[in-house]
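First up is the structure itself, then whatever we jot down about it.
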Amino acid sequence: MVKCAVIIVAAGRGHRFGGEIPKQYRILGGQAVLRRTLGIFCAHPSVTAVRAVIHPDDEALYKAAAEGLPLLPPVHGGETRQDSVRLGLESLKEEAPDIVLIHDGARPFVDFGVISRVIAAASNGVGAVPALPVTDTVKTAVKTADGTLKIEKTVDRSALWRVQTPQGFPYEALFKAHQQAKGRELTDDAAVAEEAGLPVILVKGAEENVKITTAEDLERAEERFASETHDVRTATGFDVHKFEEGSFVTLCNVKVPHDKGLNGHSDADVALHALTDALLGTIGSGDIGSHFPPSDDKWKGADSARFVEYAMSLIRGLGGKVLNADVTLICERPKIGAYRLQMTERLSELLNVSASRISVKATTTEKLGFTGRKEGIAAQACVTVSF
């Protein structure tokens, strides 16, 4: 799997925006602009690490905006955007990613499609920049003696493109390019890569992927939130674990006495694994295996509540709230009736929703199949999330 790190550049002061609070910390749809940006990248299944580069004076603002998100600690930026990117790249040495994406903190509407296209292209050893063709007629003009602007000529727009972020590159190549470009101000990371001889290609961008630069941009963004229909998403999850030697099984984070245990890399909580997949499904963030691979010894014997808490942090980062959850355990044994209330209350805590909106139930397959033969337990989960 390609290791993809993301640097969110958020150290600017936003002089064109005005006011005392930098634009990346202004509230948009109930959340800081920067939180919305961070949350999207944290939730993308192909992103392995996200780090923000911030201004030293913004520590408190950043802490509030980033609360609860699975992020690397922030680093301080430099005097220019280029300096900030270089410092961000230096901070990723220990992470040693294969590719790195650079994104503007005040560009909160980027979608998974744009991110995925950039990652796919950069994984082939080139730079990748999302862009849109220039469709307006473009003129060059000169200022006359009386101060008016006189059209000089019409520019051929067929080769002109509007570039966006995230811009993706092989990590080592971009880091080296930024070190070489130190002291020379270039317009974006693609320009830094181009000067170093790294090929850079264009991938399809998105009209919605706008950057908030002025107060008017923020007003238009607020209007967009106000006009959009309330977003409610439902997703399901399914998991299976076989029995092994043991004296209890863990279901919904509750230990249930049994003459067998469940086999799994973590604590084998089949219910929470299905629930985690359902939660990730509501935000299109892959599955539990992509975030917590069984090949990683870090998760050996891990409490599966950590997986649910992680998925919840991604959902909250995108402004989501769980409305209800339904979990069905499929097995002949053990019987769960005596533990149902305890399971419901635990899920209520993990999902931060009233227990009245949680359903935990069990069924059998009438002695058919592997569960009917008492070889293991299956679980399915369904959750609904409001954004």
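Lettering and numbering for the structure tokens are positional, with chains as A, B, ... in the shown order, residues counted from 1 in each chain, and ligands counted from 1 in the shown order.
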Long-range neighbours of segment 22-29 of chain A as a ChimeraX atom specification, 10 Å cut-off, only C-alpha atoms, 2 positions minimum in chain: /A:9-20,31-37,55,58,61-62,64-65,104-108,212-215,218-219,221-226,319
Those residues with N, CA and C atoms, as a tab-separated table (two decimals), in the first residue's frame please?
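The result, written out as selection32.tsv:
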```tsv
chain	number	residue	atom	x	y	z
A	9	VAL	N	-1.73	23.51	4.44
A	9	VAL	CA	-1.04	24.79	4.66
A	9	VAL	C	-2.04	25.78	5.24
A	10	ALA	N	-1.83	26.16	6.51
A	10	ALA	CA	-2.78	27.02	7.21
A	10	ALA	C	-2.07	28.05	8.08
A	11	ALA	N	-0.92	28.52	7.61
A	11	ALA	CA	-0.14	29.47	8.41
A	11	ALA	C	-0.34	30.91	7.97
A	12	GLY	N	-1.17	31.13	6.93
A	12	GLY	CA	-1.34	32.48	6.40
A	12	GLY	C	-2.17	33.37	7.32
A	13	ARG	N	-2.07	34.65	7.11
A	13	ARG	CA	-2.80	35.62	7.93
A	13	ARG	C	-4.05	36.12	7.23
A	14	GLY	N	-4.23	35.86	5.93
A	14	GLY	CA	-5.45	36.24	5.23
A	14	GLY	C	-5.67	37.74	5.16
A	15	HIS	N	-4.68	38.49	4.71
A	15	HIS	CA	-4.80	39.95	4.67
A	15	HIS	C	-5.92	40.42	3.75
A	16	ARG	N	-6.16	39.70	2.66
A	16	ARG	CA	-7.24	40.10	1.74
A	16	ARG	C	-8.61	39.85	2.34
A	17	PHE	N	-8.67	38.95	3.32
A	17	PHE	CA	-9.95	38.64	3.95
A	17	PHE	C	-10.35	39.73	4.93
A	18	GLY	N	-9.38	40.21	5.71
A	18	GLY	CA	-9.67	41.24	6.70
A	18	GLY	C	-10.10	40.65	8.03
A	19	GLY	N	-10.14	41.49	9.08
A	19	GLY	CA	-10.54	41.04	10.40
A	19	GLY	C	-9.39	40.50	11.20
A	20	GLU	N	-9.66	40.20	12.47
A	20	GLU	CA	-8.61	39.74	13.37
A	20	GLU	C	-8.40	38.23	13.32
A	31	GLN	N	-18.83	25.04	11.63
A	31	GLN	CA	-17.50	24.55	11.94
A	31	GLN	C	-16.45	25.49	11.34
A	32	ALA	N	-15.25	25.48	11.93
A	32	ALA	CA	-14.16	26.27	11.36
A	32	ALA	C	-13.85	25.76	9.96
A	33	VAL	N	-13.53	26.68	9.06
A	33	VAL	CA	-13.16	26.31	7.69
A	33	VAL	C	-12.06	25.25	7.71
A	34	LEU	N	-11.04	25.46	8.53
A	34	LEU	CA	-9.91	24.52	8.58
A	34	LEU	C	-10.35	23.14	9.06
A	35	ARG	N	-11.27	23.06	10.01
A	35	ARG	CA	-11.74	21.75	10.48
A	35	ARG	C	-12.40	20.97	9.35
A	36	ARG	N	-13.18	21.66	8.54
A	36	ARG	CA	-13.82	20.99	7.41
A	36	ARG	C	-12.76	20.44	6.45
A	37	THR	N	-11.71	21.22	6.21
A	37	THR	CA	-10.64	20.78	5.32
A	37	THR	C	-9.91	19.57	5.91
A	55	HIS	N	0.38	29.05	11.94
A	55	HIS	CA	1.11	30.20	12.45
A	55	HIS	C	1.29	30.03	13.96
A	58	ASP	N	-1.49	31.00	16.32
A	58	ASP	CA	-2.81	30.39	16.16
A	58	ASP	C	-2.96	29.07	16.90
A	61	LEU	N	-6.48	28.59	18.42
A	61	LEU	CA	-7.48	28.46	17.36
A	61	LEU	C	-7.39	27.10	16.70
A	62	TYR	N	-6.16	26.65	16.45
A	62	TYR	CA	-5.97	25.36	15.81
A	62	TYR	C	-6.44	24.22	16.71
A	64	ALA	N	-8.74	24.17	18.91
A	64	ALA	CA	-10.20	24.10	18.91
A	64	ALA	C	-10.72	23.53	17.59
A	65	ALA	N	-10.09	23.94	16.48
A	65	ALA	CA	-10.55	23.48	15.16
A	65	ALA	C	-10.26	22.01	14.93
A	104	ASP	N	-4.47	23.66	0.40
A	104	ASP	CA	-4.75	24.93	1.08
A	104	ASP	C	-5.75	24.71	2.21
A	105	GLY	N	-5.44	25.24	3.39
A	105	GLY	CA	-6.35	25.09	4.53
A	105	GLY	C	-7.69	25.77	4.31
A	106	ALA	N	-7.74	26.79	3.45
A	106	ALA	CA	-8.98	27.52	3.20
A	106	ALA	C	-9.68	27.03	1.94
A	107	ARG	N	-9.47	25.76	1.60
A	107	ARG	CA	-10.17	25.16	0.46
A	107	ARG	C	-10.95	23.95	0.99
A	108	PRO	N	-12.12	24.19	1.64
A	108	PRO	CA	-12.81	23.14	2.38
A	108	PRO	C	-13.79	22.28	1.58
A	212	ILE	N	-11.41	29.91	-0.23
A	212	ILE	CA	-12.00	31.08	0.43
A	212	ILE	C	-10.88	32.10	0.65
A	213	THR	N	-10.98	33.20	-0.09
A	213	THR	CA	-9.94	34.23	-0.04
A	213	THR	C	-10.45	35.53	0.55
A	214	THR	N	-11.70	35.88	0.23
A	214	THR	CA	-12.27	37.15	0.69
A	214	THR	C	-13.51	36.89	1.54
A	215	ALA	N	-13.98	37.94	2.20
A	215	ALA	CA	-15.21	37.83	3.00
A	215	ALA	C	-16.39	37.46	2.10
A	218	LEU	N	-16.59	33.74	1.64
A	218	LEU	CA	-17.18	33.06	2.78
A	218	LEU	C	-18.70	33.21	2.77
A	219	GLU	N	-19.19	34.37	2.38
A	219	GLU	CA	-20.64	34.59	2.30
A	219	GLU	C	-21.25	33.64	1.27
A	221	ALA	N	-20.02	30.79	0.34
A	221	ALA	CA	-19.92	29.43	0.88
A	221	ALA	C	-21.04	29.17	1.88
A	222	GLU	N	-21.36	30.16	2.72
A	222	GLU	CA	-22.46	30.02	3.67
A	222	GLU	C	-23.79	29.84	2.94
A	223	GLU	N	-23.98	30.58	1.86
A	223	GLU	CA	-25.20	30.45	1.06
A	223	GLU	C	-25.31	29.04	0.49
A	224	ARG	N	-24.17	28.49	0.11
A	224	ARG	CA	-24.18	27.12	-0.41
A	224	ARG	C	-24.66	26.14	0.65
A	225	PHE	N	-24.15	26.28	1.88
A	225	PHE	CA	-24.59	25.40	2.96
A	225	PHE	C	-26.08	25.58	3.23
A	226	ALA	N	-26.54	26.82	3.21
A	226	ALA	CA	-27.95	27.10	3.52
A	226	ALA	C	-28.88	26.52	2.46
A	319	GLY	N	-18.65	16.92	10.26
A	319	GLY	CA	-19.89	17.54	10.73
A	319	GLY	C	-21.04	16.57	10.90
```
Near-Val192 of chain A list (8 Å; only C-alpha atoms; drop same-chain fewer than 2 positions) as a list in words: Leu174, Ala177, His178, Ala181, Leu186, Asp188, Asp189, Ala190, Glu194, Glu195 and Ala196 of chain A
Option closest in space to Ser158 of chain A, from A:Lys211, A:Asp267, A:Ala141, A:Val134 [counting only C-alpha atoms]: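 The closest residue to Ser158 of chain A is A:Val134.
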Distance in Å - atom CA of Ala378 of chain A versus atom CA of Ala271 of chain A: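 Going from atom CA of Ala378 of chain A over to atom CA of Ala271 of chain A, I get 7.9 Å.
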Would you mind writing down, as a compact mmCIF listing (two decimals) with C-alpha atoms, in the first residue's frame, each residue of segment 205-251 of chain A that DSSP on the backbone assigns to strand (DSSP E)?
```txt
# COMPACT_ATOMS: atom_id res chain seq x y z
CA VAL A 232 -28.72 11.90 5.72
CA ARG A 233 -26.75 8.75 4.89
CA THR A 234 -27.27 5.10 5.78
CA ALA A 235 -24.69 2.31 5.50
CA THR A 236 -24.30 -1.30 6.55
CA GLY A 237 -21.49 -3.51 7.79
CA PHE A 238 -20.99 -7.28 8.11
CA ASP A 239 -18.36 -9.39 9.82
CA VAL A 240 -17.64 -12.99 10.82
CA HIS A 241 -15.29 -14.58 13.37
CA LYS A 242 -14.81 -18.27 14.08
CA PHE A 243 -14.69 -19.87 17.51
CA GLU A 244 -11.47 -20.98 19.17
CA PHE A 248 -15.77 -15.77 26.82
CA VAL A 249 -16.56 -13.76 23.72
CA THR A 250 -16.55 -9.97 23.42
CA LEU A 251 -19.67 -8.57 21.78
```
